[in-house]
Amino acid sequence: MTQPTDIRRDRDRPLLLDLYSCAGGASRGYDWAGFDVEGVDIRPRPNYPFAFRQGDALTVLAELIDSGEIRRYAMAHASPPCQKGCALTVGTNTSRGWGGRHVDLVAPTRELLKASGLPYVIEQPNGKAIIRKDLSLCGEMFGLNVLRHRNFELGGWTAPRPAHPRHRGRVRGWRHGKFYDGPYVAAYGAGGGKATVPEMQQAMGIDWTDVREELTEAIPPAFTEWIGRAFLAEAASGQMAA
Ligand SMILES: C[S@@+](CC[C@H](N)C(=O)[O-])C[C@H]1O[C@@H](n2cnc3c(N)ncnc32)[C@H](O)[C@@H]1O
């Protein structure tokens, strides 16, 4: 099996496996929460700021389970590509996207995560109910200038939901021939008044990549910081399901 590019870590911090890590929006939040993080992505991600393993997430996870190496980790997070059921791309998807054919990676990822015995998090955008919505987060919960609603299935543990304040206005951009101004930027796609790269970086709190595709794929680190802190609090309280 390929080894992570950098295996230096702080032995006092629990280790988190971030599958489908991209450039590490989710990973960064877990880092802020107090985890060491290792990422796995099928594409090279030179901007990823932690230990990184390039490979197919399902293959890497299966190998970690088979070898027993999975016991090094305290938790796993997975953000499988969402083309199959994603509301953001429904109607616009073609088979030419970076994800290629519409393969459902959520179900096999969940199956392997369950087999791993680790508490886990699966993240997906709003869309078809392909994951359980144990937790739903919005950028406004963290005072961000991006909404980025995301759902999370939590395996083997629970997390509280922060208060969801009323949105302060609209997402800026052109829709159906009309321009709407607003406090939030659209951190997906390009054109039509959507966010520039610096706007996406500022709105999501991501300053280590300026690659547009990596920013449009990322979740704001504030989301996983909340999740990571909730996990560590539940683990410390001894309430974690066996
Ligand atoms: C939605 S993005 C993840 C975003 C990430 N959670 C973040 O916050 O920055 C999905 C990622 O899955 C990767 N990917 C697609 N198929 C994969 C596979 N079979 N194994 C590993 N990574 C894969 C893509 O390259 C992409 O970076």
# chains A, B, ... in the order shown; residues from 1 in each chain; ligands from 1
$ residues_near_ligand --ligand "ligand 1" --cutoff "7 Å" --atoms "only C-alpha atoms and all ligand atoms" --output "number ranges by chain"
A: 19-27, 40-43, 55-58, 79-82, 99, 214, 217-220
$ write_last_selection --atoms "C-alpha atoms" --output "PDB file, in the first residue's frame"
ATOM      1  CA  LEU A  19     -11.483  10.097   2.402  1.00  0.00           C
ATOM      2  CA  TYR A  20     -12.088  12.034  -0.854  1.00  0.00           C
ATOM      3  CA  SER A  21     -10.132  14.850   0.797  1.00  0.00           C
ATOM      4  CA  CYS A  22      -9.614  17.109  -2.233  1.00  0.00           C
ATOM      5  CA  ALA A  23      -7.457  20.050  -1.030  1.00  0.00           C
ATOM      6  CA  GLY A  24      -8.607  19.636   2.557  1.00  0.00           C
ATOM      7  CA  GLY A  25     -11.473  21.991   3.427  1.00  0.00           C
ATOM      8  CA  ALA A  26     -12.891  19.336   5.742  1.00  0.00           C
ATOM      9  CA  SER A  27      -9.442  18.251   6.940  1.00  0.00           C
ATOM     10  CA  VAL A  40      -6.875  10.314   0.515  1.00  0.00           C
ATOM     11  CA  ASP A  41      -7.821  11.507  -2.959  1.00  0.00           C
ATOM     12  CA  ILE A  42      -7.691   9.893  -6.365  1.00  0.00           C
ATOM     13  CA  ARG A  43      -6.066  12.973  -7.874  1.00  0.00           C
ATOM     14  CA  GLY A  55      -5.398   6.536  -4.444  1.00  0.00           C
ATOM     15  CA  ASP A  56      -8.919   5.240  -4.734  1.00  0.00           C
ATOM     16  CA  ALA A  57     -10.627   5.811  -1.389  1.00  0.00           C
ATOM     17  CA  LEU A  58     -12.409   2.447  -1.378  1.00  0.00           C
ATOM     18  CA  SER A  79     -17.034  13.303   1.115  1.00  0.00           C
ATOM     19  CA  PRO A  80     -17.720  11.060  -1.892  1.00  0.00           C
ATOM     20  CA  PRO A  81     -18.335  12.957  -5.141  1.00  0.00           C
ATOM     21  CA  CYS A  82     -21.978  13.921  -5.276  1.00  0.00           C
ATOM     22  CA  GLY A  99     -16.183  12.347 -11.879  1.00  0.00           C
ATOM     23  CA  GLU A 214     -10.599  22.807  -5.156  1.00  0.00           C
ATOM     24  CA  GLU A 217     -15.456  21.341  -3.980  1.00  0.00           C
ATOM     25  CA  ALA A 218     -14.539  22.324  -0.429  1.00  0.00           C
ATOM     26  CA  ILE A 219     -16.682  22.572   2.637  1.00  0.00           C
ATOM     27  CA  PRO A 220     -15.831  25.422   5.003  1.00  0.00           C
TER      28      PRO A 220
END
$ residues_around --residues "A:Val197" --least-positions-apart "5" --cutoff "8 Å" --atoms "only C-alpha atoms" --output "list of chain:residue names"
A:Asp210, A:Val211, A:Arg212, A:Leu215
$ write_last_selection --atoms "N, CA and C atoms" --output "compact mmCIF listing (two decimals), in the first residue's frame"
# COMPACT_ATOMS: atom_id res chain seq x y z
N ASP A 210 -5.52 28.23 -4.15
CA ASP A 210 -6.20 29.20 -5.00
C ASP A 210 -6.69 28.51 -6.27
N VAL A 211 -6.82 27.20 -6.20
CA VAL A 211 -7.32 26.44 -7.35
C VAL A 211 -8.85 26.46 -7.30
N ARG A 212 -9.44 27.03 -8.33
CA ARG A 212 -10.89 27.25 -8.33
C ARG A 212 -11.66 25.95 -8.08
N LEU A 215 -11.60 24.91 -4.49
CA LEU A 215 -12.45 25.76 -3.64
C LEU A 215 -13.93 25.44 -3.86
$ closest_residue --among "A:Ala76, A:Ala33, A:Met200, A:Leu112" --to "A:Phe223" --atoms "only C-alpha atoms"
A:Ala33
$ residues_around --residues "stretch 63-69 of chain A" --least-positions-apart "6" --cutoff "10 Å" --atoms "only C-alpha atoms" --output "PyMOL selection string"
chain A and resi 1+57+112-113+115-117
$ residues_around --residues "A:Phe142" --least-positions-apart "3" --cutoff "10 Å" --atoms "only C-alpha atoms" --output "ChimeraX atom specification"
/A:137-139,145-147,162-165,220,222-223,226
$ write_last_selection --atoms "C-alpha atoms" --output "compact mmCIF listing (two decimals), in the first residue's frame"
# COMPACT_ATOMS: atom_id res chain seq x y z
CA LEU A 137 -24.97 22.79 8.60
CA CYS A 138 -25.13 26.21 6.95
CA GLY A 139 -22.46 28.89 6.68
CA ASN A 145 -20.43 34.84 3.72
CA VAL A 146 -21.36 31.58 2.05
CA LEU A 147 -24.40 29.37 2.77
CA PRO A 162 -25.95 24.78 16.11
CA ALA A 163 -28.74 27.37 15.95
CA HIS A 164 -29.64 28.21 12.34
CA PRO A 165 -29.96 32.01 12.20
CA PRO A 220 -15.83 25.42 5.00
CA ALA A 222 -15.82 25.78 10.30
CA PHE A 223 -18.28 22.93 9.57
CA TRP A 226 -17.87 21.98 14.84
